[in-house]
$ cat entry-v3.txt   # compact mmCIF, C-alpha atoms
# COMPACT_ATOMS: atom_id res chain seq x y z
CA MET A 458 20.24 10.51 -10.91
CA ALA A 459 21.18 13.58 -8.81
CA ASP A 460 23.99 14.39 -11.24
CA LEU A 461 21.66 14.71 -14.21
CA SER A 462 20.37 18.15 -15.17
CA TYR A 463 16.68 18.76 -15.80
CA SER A 464 17.24 19.16 -19.54
CA THR A 465 19.23 15.91 -19.68
CA ILE A 466 16.46 14.03 -17.86
CA GLU A 467 13.87 15.50 -20.23
CA GLN A 468 15.89 14.54 -23.27
CA ARG A 469 16.57 10.98 -22.11
CA TYR A 470 12.96 10.41 -21.06
CA LYS A 471 11.61 11.60 -24.40
CA TYR A 472 14.15 9.52 -26.31
CA TRP A 473 13.49 6.26 -24.45
CA ARG A 474 9.71 6.67 -24.23
CA LEU A 475 9.50 6.96 -28.00
CA HIS A 476 11.91 4.12 -28.70
CA ILE A 477 10.34 1.80 -26.15
CA MET A 478 6.85 2.48 -27.52
CA VAL A 479 7.93 1.78 -31.10
CA SER A 480 9.72 -1.42 -30.04
CA MET A 481 6.76 -2.65 -27.97
CA TYR A 482 4.37 -1.83 -30.78
CA ILE A 483 6.26 -3.77 -33.44
CA GLY A 484 6.96 -6.58 -30.97
CA TYR A 485 3.36 -7.12 -29.93
CA ALA A 486 2.19 -6.98 -33.54
CA GLY A 487 4.79 -9.70 -34.15
CA PHE A 488 3.15 -11.89 -31.51
CA TYR A 489 -0.10 -11.55 -33.42
CA LEU A 490 1.52 -12.71 -36.65
CA THR A 491 2.39 -16.03 -34.99
CA ARG A 492 -0.90 -16.32 -33.10
CA LYS A 493 -3.69 -15.49 -35.53
CA ASN A 494 -2.20 -17.02 -38.67
CA PHE A 495 -3.81 -20.34 -37.70
CA THR A 496 -7.26 -18.73 -37.78
CA TYR A 497 -6.87 -17.43 -41.31
CA ALA A 498 -5.25 -20.57 -42.72
CA MET A 499 -7.98 -22.69 -41.07
CA PRO A 500 -10.43 -23.04 -44.02
CA ALA A 501 -7.59 -24.19 -46.32
CA MET A 502 -6.31 -26.60 -43.66
CA ILE A 503 -9.81 -28.06 -43.19
CA ALA A 504 -10.06 -28.67 -46.95
CA ASP A 505 -6.55 -30.14 -47.21
CA LEU A 506 -6.45 -32.27 -44.05
CA GLY A 507 -10.11 -33.20 -43.63
CA TRP A 508 -10.58 -31.68 -40.17
CA ASP A 509 -13.98 -30.74 -38.77
CA LYS A 510 -15.12 -27.95 -36.46
CA SER A 511 -14.60 -30.03 -33.33
CA ASP A 512 -10.90 -30.54 -34.18
CA ILE A 513 -10.45 -26.80 -34.67
CA GLY A 514 -12.48 -25.95 -31.58
CA MET A 515 -10.46 -28.30 -29.36
CA MET A 516 -7.16 -26.84 -30.56
CA GLY A 517 -8.48 -23.35 -29.97
CA THR A 518 -9.65 -24.19 -26.47
CA LEU A 519 -6.31 -25.78 -25.50
CA PHE A 520 -4.46 -22.81 -26.94
CA TYR A 521 -6.45 -20.27 -24.99
CA LEU A 522 -6.34 -22.18 -21.71
CA THR A 523 -2.56 -22.54 -21.99
CA TYR A 524 -2.17 -18.93 -23.06
CA GLY A 525 -4.24 -17.71 -20.11
CA CYS A 526 -2.24 -19.79 -17.61
CA SER A 527 0.98 -18.55 -19.17
CA LYS A 528 -0.14 -14.93 -18.80
CA PHE A 529 -0.65 -15.36 -15.06
CA ILE A 530 2.45 -17.45 -14.34
CA SER A 531 4.72 -15.46 -16.65
CA GLY A 532 3.20 -12.28 -15.19
CA MET A 533 4.46 -13.20 -11.73
CA ILE A 534 7.86 -14.10 -13.18
CA SER A 535 8.04 -10.92 -15.26
CA ASP A 536 7.62 -8.78 -12.11
CA ARG A 537 11.09 -10.02 -11.15
CA SER A 538 12.55 -10.06 -14.67
CA ASN A 539 13.85 -7.64 -17.28
CA PRO A 540 11.07 -7.19 -19.90
CA ARG A 541 13.75 -6.50 -22.51
CA TYR A 542 14.73 -10.16 -22.70
CA PHE A 543 11.50 -11.67 -21.41
CA MET A 544 9.48 -10.35 -24.35
CA GLY A 545 12.20 -10.80 -26.97
CA ILE A 546 12.96 -14.44 -26.13
CA GLY A 547 9.24 -15.26 -26.01
CA LEU A 548 8.73 -13.90 -29.53
CA ILE A 549 11.75 -15.76 -30.90
CA ALA A 550 10.37 -19.00 -29.43
CA THR A 551 6.96 -18.48 -31.07
CA GLY A 552 8.67 -17.93 -34.42
CA ILE A 553 10.59 -21.21 -34.17
CA ILE A 554 7.43 -23.11 -33.17
CA ASN A 555 5.50 -21.65 -36.11
CA ILE A 556 8.14 -22.86 -38.54
CA CYS A 557 7.90 -26.34 -36.99
CA PHE A 558 4.10 -26.12 -37.30
CA GLY A 559 4.41 -25.54 -41.03
CA PHE A 560 6.33 -28.80 -41.41
CA SER A 561 3.76 -30.86 -39.46
CA SER A 562 0.85 -32.94 -40.73
CA SER A 563 -0.67 -34.95 -37.86
CA ILE A 564 -3.38 -33.60 -35.56
CA MET A 565 -1.31 -34.63 -32.51
CA ALA A 566 1.76 -32.70 -33.70
CA PHE A 567 -0.39 -29.66 -34.52
CA THR A 568 -1.98 -29.70 -31.09
CA LEU A 569 1.26 -30.09 -29.11
CA LEU A 570 3.04 -27.38 -31.08
CA TRP A 571 0.11 -25.01 -30.82
CA VAL A 572 -0.05 -25.48 -27.05
CA ALA A 573 3.71 -24.76 -26.85
CA ASN A 574 3.13 -21.65 -28.96
CA ALA A 575 0.41 -20.55 -26.53
CA TRP A 576 2.85 -20.76 -23.62
CA PHE A 577 5.40 -18.43 -25.20
CA GLN A 578 2.67 -16.13 -26.53
CA GLY A 579 1.92 -15.37 -22.87
CA TRP A 580 5.32 -13.70 -22.47
CA GLY A 581 4.36 -10.57 -24.43
CA TRP A 582 1.48 -9.00 -22.48
CA PRO A 583 3.03 -8.90 -18.94
CA ALA A 584 6.27 -7.41 -20.25
CA CYS A 585 4.38 -4.68 -22.11
CA SER A 586 2.16 -3.96 -19.09
CA LYS A 587 5.24 -3.52 -16.92
CA LEU A 588 6.86 -1.16 -19.42
CA LEU A 589 3.68 0.87 -19.91
CA THR A 590 3.22 1.44 -16.17
CA SER A 591 6.93 2.22 -15.68
CA TRP A 592 7.41 4.74 -18.50
CA TYR A 593 3.97 6.41 -18.81
CA SER A 594 2.04 7.99 -15.92
CA ARG A 595 -1.59 7.70 -14.84
CA SER A 596 -2.85 11.00 -16.26
CA GLU A 597 -1.49 10.24 -19.75
CA ARG A 598 -1.46 6.43 -19.78
CA GLY A 599 -4.86 6.00 -21.41
CA LEU A 600 -3.66 7.54 -24.65
CA TRP A 601 -0.24 5.85 -24.62
CA TRP A 602 -1.69 2.45 -23.70
CA SER A 603 -4.35 2.76 -26.37
CA CYS A 604 -1.70 3.66 -28.95
CA TRP A 605 0.25 0.53 -28.00
CA ASN A 606 -2.95 -1.52 -27.96
CA THR A 607 -3.53 -0.81 -31.64
CA ALA A 608 -0.62 -3.18 -32.29
CA HIS A 609 -3.28 -5.89 -31.83
CA ASN A 610 -5.14 -4.44 -34.75
CA VAL A 611 -2.18 -3.74 -37.01
CA GLY A 612 -0.98 -7.32 -36.60
CA GLY A 613 -4.55 -8.62 -36.74
CA ALA A 614 -5.40 -6.66 -39.90
CA PHE A 615 -2.17 -7.56 -41.69
CA ILE A 616 -2.12 -11.28 -40.95
CA PRO A 617 -5.37 -12.30 -42.75
CA LEU A 618 -4.20 -10.56 -45.90
CA LEU A 619 -0.70 -12.04 -45.64
CA VAL A 620 -1.95 -15.56 -44.90
CA GLY A 621 -4.68 -15.29 -47.53
CA PHE A 622 -2.09 -14.32 -50.15
CA LEU A 623 0.41 -16.99 -49.11
CA THR A 624 -2.27 -19.69 -48.92
CA LEU A 625 -3.69 -18.79 -52.30
CA HIS A 626 -0.33 -18.74 -54.11
CA TYR A 627 1.96 -21.05 -52.12
CA GLY A 628 -0.20 -23.16 -49.79
CA TRP A 629 -1.21 -22.82 -46.13
CA ARG A 630 2.16 -24.01 -44.78
CA TYR A 631 3.78 -20.77 -45.90
CA GLY A 632 1.26 -19.00 -43.68
CA PHE A 633 3.35 -20.35 -40.79
CA PHE A 634 6.86 -20.26 -42.31
CA ILE A 635 6.89 -16.55 -43.19
CA PRO A 636 5.34 -15.18 -39.96
CA GLY A 637 7.72 -17.42 -38.00
CA ILE A 638 10.76 -15.92 -39.70
CA ILE A 639 9.44 -12.38 -39.20
CA ALA A 640 8.87 -13.07 -35.47
CA ILE A 641 12.44 -14.27 -34.94
CA VAL A 642 13.85 -11.11 -36.53
CA ILE A 643 11.57 -8.84 -34.44
CA GLY A 644 12.40 -10.77 -31.25
CA LEU A 645 16.11 -10.14 -31.76
CA GLY A 646 15.32 -6.45 -32.22
CA LEU A 647 13.43 -6.35 -28.90
CA CYS A 648 16.39 -7.77 -27.01
CA TRP A 649 18.46 -4.96 -28.48
CA ARG A 650 16.11 -1.94 -28.12
CA LEU A 651 13.96 -2.37 -24.98
CA ARG A 652 14.97 -1.14 -21.50
CA ASN A 653 13.72 -1.83 -17.96
CA LYS A 654 12.40 0.82 -15.51
CA PRO A 655 13.54 4.46 -15.78
CA THR A 656 15.30 4.16 -12.40
CA ALA A 657 17.39 1.31 -13.83
CA ILE A 658 19.08 3.74 -16.24
CA GLY A 659 19.49 6.59 -13.75
CA LEU A 660 16.23 8.50 -14.32
CA PRO A 661 13.62 9.53 -11.71
CA SER A 662 10.37 7.57 -11.50
CA ILE A 663 7.66 8.46 -14.00
CA GLY A 664 5.41 9.92 -11.27
CA SER A 665 8.16 12.26 -10.09
CA TRP A 666 9.08 13.34 -13.60
CA ARG A 667 5.45 14.00 -14.60
CA HIS A 668 4.39 15.42 -11.18
CA ASP A 669 1.37 13.09 -11.37
CA ASP A 670 -0.36 12.79 -7.98
CA LEU A 671 -2.26 9.61 -8.90
CA GLU A 672 0.94 7.98 -10.12
CA ILE A 673 2.95 9.05 -7.06
CA ALA A 674 0.22 7.67 -4.79
CA GLN A 675 0.48 4.27 -6.49
CA GLU A 676 4.30 4.37 -6.38
CA ASN A 677 4.15 4.99 -2.62
CA GLU A 678 1.50 2.36 -1.97
CA GLY A 679 2.63 -0.68 0.05
CA ILE A 680 6.21 0.45 0.64
CA GLY A 681 8.15 -2.09 2.70
CA LEU A 682 5.99 -5.09 1.86
CA SER A 683 7.60 -8.28 0.60
CA GLN A 684 6.82 -9.57 -2.88
CA ARG A 685 4.64 -12.32 -1.39
CA GLN A 686 2.68 -9.80 0.73
CA ILE A 687 2.21 -7.57 -2.32
CA LEU A 688 0.93 -10.50 -4.37
CA PHE A 689 -1.58 -11.50 -1.67
CA LYS A 690 -2.86 -7.99 -0.83
CA TYR A 691 -2.86 -6.31 -4.22
CA VAL A 692 -3.64 -9.25 -6.51
CA LEU A 693 -5.13 -12.38 -4.95
CA THR A 694 -7.47 -10.60 -2.49
CA ASN A 695 -8.11 -7.48 -4.56
CA LYS A 696 -11.88 -7.33 -5.13
CA TYR A 697 -11.52 -4.86 -8.01
CA LEU A 698 -9.27 -7.24 -9.91
CA TRP A 699 -11.81 -10.04 -9.57
CA LEU A 700 -14.58 -7.83 -10.96
CA LEU A 701 -12.34 -6.94 -13.88
CA ALA A 702 -11.49 -10.59 -14.41
CA MET A 703 -15.15 -11.67 -14.55
CA SER A 704 -15.98 -8.94 -17.07
CA TYR A 705 -12.93 -9.88 -19.14
CA VAL A 706 -14.34 -13.40 -19.56
CA LEU A 707 -17.35 -11.94 -21.38
CA VAL A 708 -15.28 -9.50 -23.47
CA TYR A 709 -13.12 -12.33 -24.76
CA ILE A 710 -16.05 -14.61 -25.51
CA VAL A 711 -17.31 -11.98 -27.95
CA ARG A 712 -13.91 -10.96 -29.29
CA THR A 713 -12.66 -14.50 -29.86
CA ALA A 714 -15.93 -15.76 -31.31
CA ILE A 715 -15.98 -13.02 -33.93
CA ASN A 716 -12.25 -13.25 -34.63
CA ASP A 717 -12.00 -17.05 -34.83
CA TRP A 718 -15.33 -17.95 -36.42
CA GLY A 719 -16.11 -14.79 -38.39
CA ASN A 720 -14.50 -15.85 -41.67
CA LEU A 721 -16.11 -19.31 -41.44
CA TYR A 722 -19.50 -17.63 -40.87
CA LEU A 723 -19.07 -15.55 -44.03
CA THR A 724 -17.78 -18.43 -46.18
CA GLU A 725 -20.25 -21.04 -44.91
CA GLN A 726 -23.41 -19.02 -44.33
CA HIS A 727 -23.03 -16.38 -47.05
CA HIS A 728 -20.72 -18.21 -49.49
CA TYR A 729 -18.03 -15.54 -49.81
CA SER A 730 -14.55 -16.51 -50.98
CA LEU A 731 -11.84 -16.93 -48.33
CA LEU A 732 -10.09 -13.77 -49.51
CA SER A 733 -13.33 -11.75 -49.35
CA ALA A 734 -14.20 -13.12 -45.91
CA ASN A 735 -10.73 -12.36 -44.57
CA GLY A 736 -10.99 -8.89 -46.08
CA ALA A 737 -14.22 -8.23 -44.17
CA LEU A 738 -12.65 -9.57 -40.99
CA SER A 739 -9.72 -7.20 -41.45
CA LEU A 740 -12.19 -4.39 -40.83
CA PHE A 741 -12.79 -5.87 -37.38
CA GLU A 742 -9.17 -5.00 -36.64
CA VAL A 743 -9.41 -1.58 -38.31
CA GLY A 744 -12.40 -0.79 -36.11
CA GLY A 745 -10.47 -2.03 -33.09
CA PHE A 746 -7.59 0.28 -33.98
CA LEU A 747 -9.84 3.32 -33.80
CA GLY A 748 -11.83 2.03 -30.82
CA SER A 749 -8.70 1.58 -28.74
CA LEU A 750 -7.58 5.15 -29.41
CA VAL A 751 -11.00 6.59 -28.62
CA GLY A 752 -11.30 4.49 -25.45
CA GLY A 753 -7.91 5.51 -24.09
CA TRP A 754 -8.28 9.18 -25.02
CA GLY A 755 -11.81 9.36 -23.63
CA SER A 756 -10.94 7.75 -20.30
CA ASP A 757 -8.10 10.29 -19.86
CA LYS A 758 -9.79 13.45 -21.08
CA LEU A 759 -13.47 12.86 -20.30
CA PHE A 760 -13.27 10.87 -17.06
CA GLY A 761 -9.94 11.93 -15.51
CA GLY A 762 -8.25 8.54 -15.75
CA ASN A 763 -11.29 6.56 -14.52
CA ARG A 764 -11.76 3.67 -16.96
CA GLY A 765 -15.18 2.44 -15.76
CA PRO A 766 -17.56 4.90 -17.48
CA MET A 767 -15.83 4.45 -20.84
CA ILE A 768 -16.02 0.67 -20.57
CA LEU A 769 -19.76 0.87 -19.91
CA LEU A 770 -20.36 3.05 -22.98
CA PHE A 771 -18.40 0.66 -25.18
CA ALA A 772 -20.23 -2.36 -23.74
CA MET A 773 -23.54 -0.97 -24.94
CA GLY A 774 -22.05 -0.48 -28.38
CA ILE A 775 -20.87 -4.10 -28.51
CA PHE A 776 -24.38 -5.40 -27.92
CA LEU A 777 -25.92 -3.20 -30.61
CA ALA A 778 -23.25 -4.06 -33.20
CA VAL A 779 -23.53 -7.84 -32.58
CA ALA A 780 -27.32 -7.64 -32.82
CA ALA A 781 -27.02 -5.77 -36.13
CA LEU A 782 -24.76 -8.46 -37.65
CA TRP A 783 -27.09 -11.22 -36.44
CA LEU A 784 -30.46 -9.72 -37.37
CA MET A 785 -29.51 -8.08 -40.65
CA PRO A 786 -32.44 -8.86 -43.00
CA VAL A 787 -30.37 -8.93 -46.22
CA THR A 788 -27.06 -10.40 -47.32
CA SER A 789 -24.84 -7.41 -48.07
CA TYR A 790 -21.06 -7.61 -48.05
CA ILE A 791 -20.75 -3.88 -47.38
CA LEU A 792 -23.19 -3.88 -44.47
CA GLN A 793 -21.71 -7.05 -42.97
CA SER A 794 -18.21 -5.60 -43.27
CA GLY A 795 -19.50 -2.48 -41.53
CA CYS A 796 -20.83 -4.61 -38.67
CA PHE A 797 -17.44 -6.29 -38.26
CA PHE A 798 -15.87 -2.83 -38.16
CA ALA A 799 -18.36 -1.67 -35.48
CA ILE A 800 -17.89 -4.77 -33.32
CA GLY A 801 -14.12 -4.31 -33.50
CA PHE A 802 -14.45 -0.62 -32.58
CA PHE A 803 -16.49 -1.35 -29.46
CA ILE A 804 -14.85 -4.61 -28.31
CA PHE A 805 -11.25 -3.37 -28.33
CA GLY A 806 -12.11 -0.44 -26.07
CA PRO A 807 -12.96 -2.67 -23.06
CA GLN A 808 -10.28 -5.17 -24.09
CA MET A 809 -7.68 -2.43 -23.65
CA LEU A 810 -9.25 -0.52 -20.75
CA ILE A 811 -9.82 -3.55 -18.49
CA GLY A 812 -6.18 -4.58 -18.76
CA MET A 813 -5.07 -1.04 -17.98
CA ALA A 814 -7.48 -0.76 -15.03
CA ALA A 815 -6.03 -3.99 -13.62
CA ALA A 816 -2.52 -2.52 -13.69
CA GLU A 817 -3.69 0.72 -12.10
CA CYS A 818 -5.63 -0.81 -9.20
CA SER A 819 -2.72 -3.01 -8.17
CA HIS A 820 0.80 -2.39 -6.80
CA LYS A 821 3.57 -1.04 -9.03
CA ASP A 822 5.61 -4.17 -8.33
CA SER A 823 2.76 -6.56 -9.12
CA VAL A 824 1.61 -5.20 -12.48
CA GLY A 825 2.63 -8.38 -14.31
CA ALA A 826 0.73 -10.61 -11.87
CA ALA A 827 -2.35 -8.33 -11.84
CA THR A 828 -2.62 -8.11 -15.61
CA GLY A 829 -1.73 -11.80 -15.84
CA LEU A 830 -4.61 -12.70 -13.51
CA VAL A 831 -7.24 -10.86 -15.56
CA GLY A 832 -5.54 -12.23 -18.69
CA LEU A 833 -5.99 -15.76 -17.34
CA PHE A 834 -9.73 -15.17 -17.02
CA ALA A 835 -9.85 -13.44 -20.39
CA TYR A 836 -8.57 -16.55 -22.08
CA MET A 837 -10.93 -18.74 -20.14
CA GLY A 838 -13.53 -16.72 -22.01
CA ALA A 839 -11.59 -17.24 -25.21
CA ALA A 840 -11.49 -20.99 -24.50
CA LEU A 841 -15.28 -20.99 -24.13
CA ALA A 842 -15.43 -19.54 -27.64
CA GLY A 843 -13.49 -22.56 -28.93
CA TYR A 844 -14.67 -26.13 -28.40
CA PRO A 845 -17.75 -25.33 -26.22
CA LEU A 846 -19.03 -22.84 -28.79
CA ALA A 847 -18.31 -25.33 -31.59
CA ILE A 848 -20.56 -27.86 -29.81
CA ILE A 849 -23.33 -25.27 -29.52
CA MET A 850 -22.94 -24.47 -33.22
CA ASN A 851 -23.17 -28.16 -34.14
CA HIS A 852 -26.55 -28.36 -32.37
CA TYR A 853 -28.00 -24.87 -32.88
CA HIS A 854 -25.99 -23.65 -35.86
CA TRP A 855 -25.27 -19.94 -36.27
CA THR A 856 -28.35 -18.95 -34.26
CA GLY A 857 -26.79 -20.55 -31.18
CA PHE A 858 -23.54 -18.75 -31.93
CA PHE A 859 -25.17 -15.33 -31.94
CA VAL A 860 -27.33 -16.00 -28.88
CA VAL A 861 -24.20 -16.81 -26.85
CA ILE A 862 -22.22 -13.73 -27.85
CA SER A 863 -25.26 -11.43 -27.55
CA VAL A 864 -25.87 -12.54 -23.95
CA ALA A 865 -22.17 -12.09 -23.15
CA ALA A 866 -22.17 -8.59 -24.66
CA ALA A 867 -25.24 -7.60 -22.66
CA PHE A 868 -23.59 -8.41 -19.30
CA ILE A 869 -20.08 -6.96 -19.82
CA GLY A 870 -20.70 -3.55 -18.29
CA LEU A 871 -22.85 -4.67 -15.37
CA LEU A 872 -19.91 -6.24 -13.54
CA LEU A 873 -17.96 -2.99 -13.59
CA LEU A 874 -20.44 -0.60 -11.98
CA PRO A 875 -18.16 -0.12 -8.90
CA PHE A 876 -15.59 1.47 -11.21
CA LEU A 877 -17.96 4.33 -12.06
CA LYS A 878 -16.94 6.24 -8.94
CA VAL A 879 -14.33 8.98 -9.30
CA GLN A 880 -10.74 7.96 -8.49
CA THR A 881 -8.43 10.30 -6.55
CA ALA A 882 -4.98 9.99 -5.06
CA THR A 883 -6.57 8.89 -1.78
CA ASN A 884 -9.11 6.35 -3.02
CA ILE A 885 -7.30 4.49 -5.80
CA PRO A 886 -8.55 0.89 -5.80
CA PRO A 887 -7.85 -1.14 -3.81
CA SER A 888 -8.71 1.17 -0.92
$ encode --input "entry-v3.txt" --output "structure tokens"
Amino acid sequence: MADLSYSTIEQRYKYWRLHIMVSMYIGYAGFYLTRKNFTYAMPAMIADLGWDKSDIGMMGTLFYLTYGCSKFISGMISDRSNPRYFMGIGLIATGIINICFGFSSSIMAFTLLWVANAWFQGWGWPACSKLLTSWYSRSERGLWWSCWNTAHNVGGAFIPLLVGFLTLHYGWRYGFFIPGIIAIVIGLGLCWRLRNKPTAIGLPSIGSWRHDDLEIAQENEGIGLSQRQILFKYVLTNKYLWLLAMSYVLVYIVRTAINDWGNLYLTEQHHYSLLSANGALSLFEVGGFLGSLVGGWGSDKLFGGNRGPMILLFAMGIFLAVAALWLMPVTSYILQSGCFFAIGFFIFGPQMLIGMAAAECSHKDSVGAATGLVGLFAYMGAALAGYPLAIIMNHYHWTGFFVVISVAAAFIGLLLLPFLKVQTATNIPPS
């Protein structure tokens, strides 16, 4: 590192930051292709295979529970691994499982394969969190993380249209074959293009290169502690992480309920075609794309890297947008599509910011475990939006559905009030 000139360091940093961001972006969108295709093929599968809502809800719940556990366990493993191969191999595995899913017919085979898919899906988020905290500093990370986070929305917006087209013209099985093949190709590309920490390729740390006091303070935090001590102090007993985790449960109840049941709501309650319903739901992802960018930019520029105030503003927006979709007095495709757009805009802000806050209030060498822990709780919330919500819907129909997600939306921001205080290089959580 000492042999490198300033201009050489600048050039190499700019080159790898761009290439790593592009690779992560395409890679995480690829994970979405092999995760959300089931949601958009679901109405056709119900018609073809005779499933009911309870079957779908149970599979969704098992998927999310497994995915959440995988995020935490793989997060701890990823802290000791090279994200280059960790993420790439995980995506290749999900592609193979999706192809196998397309050949299956029994509910048992579907369930086992979808649980296996959930496990490897958990390999994407910790690897990306580690790369984002290694290559982008605290004062700029909101914008970079939010740019990466829009990969959720690009993959999420593309997959309903792709699966809708494939299902309409070739059958629902091709909604698993084609995304599976795409995922394998992208996974191979990740193994080729990603890199580990800057120091692993002879560059200074990101805090030193950017002269970022908040970043340097986190880099110097807990020097000399063993990995087990870091895990205990900065993850398992970190009160800020537990507040983030509890709030994440509520965020994912709303996000998953809208994402997984939204097209069924439009087709069943308002009698739209599957293609029209999926088109409206695509706007949920478009809104999320913009909401992520606004959330990251705002937390950097308006609140100096403090994520709490921005999360609270977005939480209020979630409640108002959900209430508008629920209480709309007329059936209007344009207005309902607008509500899906608004919910996506406001829900993906906290979805992105909470994960970033978890990484920033932990140790630099426990980012995977910290984000994995809040991810575990997030998908407990997602699991509640599966089978438990299906039971509520069976008894209380769509009114019960909207009561649940409205209550969840109302309480998201309240758990994060401690994060409203200003963060400095001397009081970064945990104190």
$ residues_near_point --input "entry-v3.txt" --point "(7.4, 10.4, -10.5)" --cutoff "12 Å" --atoms "only C-alpha atoms" --output "list in words"
Tyr470, Thr590, Ser591, Trp592, Tyr593, Ser594, Arg595, Ser596, Lys654, Pro655, Thr656, Leu660, Pro661, Ser662, Ile663, Gly664, Ser665, Trp666, Arg667, His668, Asp669, Asp670, Leu671, Glu672, Ile673, Ala674, Gln675, Glu676 and Asn677 of chain A
$ write_last_selection --input "entry-v3.txt" --atoms "C-alpha atoms" --output "short mmCIF file (atom, residue, chain, number, x, y, z; two decimals), keeping the file's coordinate frame"
data_model
loop_
_atom_site.label_atom_id
_atom_site.label_comp_id
_atom_site.auth_asym_id
_atom_site.auth_seq_id
_atom_site.Cartn_x
_atom_site.Cartn_y
_atom_site.Cartn_z
CA TYR A 470 12.96 10.41 -21.06
CA THR A 590 3.22 1.44 -16.17
CA SER A 591 6.93 2.22 -15.68
CA TRP A 592 7.41 4.74 -18.50
CA TYR A 593 3.97 6.41 -18.81
CA SER A 594 2.04 7.99 -15.92
CA ARG A 595 -1.59 7.70 -14.84
CA SER A 596 -2.85 11.00 -16.26
CA LYS A 654 12.40 0.82 -15.51
CA PRO A 655 13.54 4.46 -15.78
CA THR A 656 15.30 4.16 -12.40
CA LEU A 660 16.23 8.50 -14.32
CA PRO A 661 13.62 9.53 -11.71
CA SER A 662 10.37 7.57 -11.50
CA ILE A 663 7.66 8.46 -14.00
CA GLY A 664 5.41 9.92 -11.27
CA SER A 665 8.16 12.26 -10.09
CA TRP A 666 9.08 13.34 -13.60
CA ARG A 667 5.45 14.00 -14.60
CA HIS A 668 4.39 15.42 -11.18
CA ASP A 669 1.37 13.09 -11.37
CA ASP A 670 -0.36 12.79 -7.98
CA LEU A 671 -2.26 9.61 -8.90
CA GLU A 672 0.94 7.98 -10.12
CA ILE A 673 2.95 9.05 -7.06
CA ALA A 674 0.22 7.67 -4.79
CA GLN A 675 0.48 4.27 -6.49
CA GLU A 676 4.30 4.37 -6.38
CA ASN A 677 4.15 4.99 -2.62
#
$ closest_residue --input "entry-v3.txt" --among "A:Thr828, A:Ser562, A:Gln808, A:Ser733" --to "A:Gln793" --atoms "all atoms listed in the file"
A:Ser733
$ closest_residue --input "entry-v3.txt" --among "A:Gly825, A:Gly644, A:Pro766, A:Pro786" --to "A:Gly806" --atoms "only C-alpha atoms"
A:Pro766
$ closest_residue --input "entry-v3.txt" --among "A:Gly801, A:Gly832, A:Gly755, A:Pro875" --to "A:Ser531" --atoms "all atoms listed in the file"
A:Gly832
$ closest_residue --input "entry-v3.txt" --among "A:Met773, A:Ile800, A:Leu701, A:Leu548" --to "A:Ala814" --atoms "all atoms listed in the file"
A:Leu701
$ closest_residue --input "entry-v3.txt" --among "A:Pro617, A:Pro807, A:Gly507, A:Gly829" --to "A:Gly581" --atoms "only C-alpha atoms"
A:Gly829
$ closest_residue --input "entry-v3.txt" --among "A:Asp536, A:Glu467, A:Asp757, A:Asp717" --to "A:Phe495" --atoms "all atoms listed in the file"
A:Asp717
$ atom_distance --input "entry-v3.txt" --atom1 "atom CA of A:Gly545" --atom2 "atom CA of A:Val642"
9.7 Å
$ residues_around --input "entry-v3.txt" --residues "stretch 563-580 of chain A" --least-positions-apart "2" --cutoff "6 Å" --atoms "only C-alpha atoms" --output "number ranges by chain"
A: 516, 520, 523-524, 527-528, 544, 547, 551
$ residues_around --input "entry-v3.txt" --residues "A:Met703" --least-positions-apart "2" --cutoff "12 Å" --atoms "all atoms listed in the file" --output "PDB file with C-alpha atoms, keeping the file's coordinate frame"
ATOM      1  CA  LYS A 696     -11.880  -7.330  -5.130  1.00  0.00           C
ATOM      2  CA  TYR A 697     -11.520  -4.860  -8.010  1.00  0.00           C
ATOM      3  CA  LEU A 698      -9.270  -7.240  -9.910  1.00  0.00           C
ATOM      4  CA  TRP A 699     -11.810 -10.040  -9.570  1.00  0.00           C
ATOM      5  CA  LEU A 700     -14.580  -7.830 -10.960  1.00  0.00           C
ATOM      6  CA  LEU A 701     -12.340  -6.940 -13.880  1.00  0.00           C
ATOM      7  CA  TYR A 705     -12.930  -9.880 -19.140  1.00  0.00           C
ATOM      8  CA  VAL A 706     -14.340 -13.400 -19.560  1.00  0.00           C
ATOM      9  CA  LEU A 707     -17.350 -11.940 -21.380  1.00  0.00           C
ATOM     10  CA  VAL A 708     -15.280  -9.500 -23.470  1.00  0.00           C
ATOM     11  CA  TYR A 709     -13.120 -12.330 -24.760  1.00  0.00           C
ATOM     12  CA  ILE A 710     -16.050 -14.610 -25.510  1.00  0.00           C
ATOM     13  CA  ILE A 811      -9.820  -3.550 -18.490  1.00  0.00           C
ATOM     14  CA  ALA A 815      -6.030  -3.990 -13.620  1.00  0.00           C
ATOM     15  CA  LEU A 830      -4.610 -12.700 -13.510  1.00  0.00           C
ATOM     16  CA  VAL A 831      -7.240 -10.860 -15.560  1.00  0.00           C
ATOM     17  CA  GLY A 832      -5.540 -12.230 -18.690  1.00  0.00           C
ATOM     18  CA  LEU A 833      -5.990 -15.760 -17.340  1.00  0.00           C
ATOM     19  CA  PHE A 834      -9.730 -15.170 -17.020  1.00  0.00           C
ATOM     20  CA  ALA A 835      -9.850 -13.440 -20.390  1.00  0.00           C
ATOM     21  CA  TYR A 836      -8.570 -16.550 -22.080  1.00  0.00           C
ATOM     22  CA  MET A 837     -10.930 -18.740 -20.140  1.00  0.00           C
ATOM     23  CA  GLY A 838     -13.530 -16.720 -22.010  1.00  0.00           C
ATOM     24  CA  ALA A 865     -22.170 -12.090 -23.150  1.00  0.00           C
ATOM     25  CA  PHE A 868     -23.590  -8.410 -19.300  1.00  0.00           C
ATOM     26  CA  ILE A 869     -20.080  -6.960 -19.820  1.00  0.00           C
ATOM     27  CA  GLY A 870     -20.700  -3.550 -18.290  1.00  0.00           C
ATOM     28  CA  LEU A 871     -22.850  -4.670 -15.370  1.00  0.00           C
ATOM     29  CA  LEU A 872     -19.910  -6.240 -13.540  1.00  0.00           C
ATOM     30  CA  LEU A 873     -17.960  -2.990 -13.590  1.00  0.00           C
TER      31      LEU A 873
END
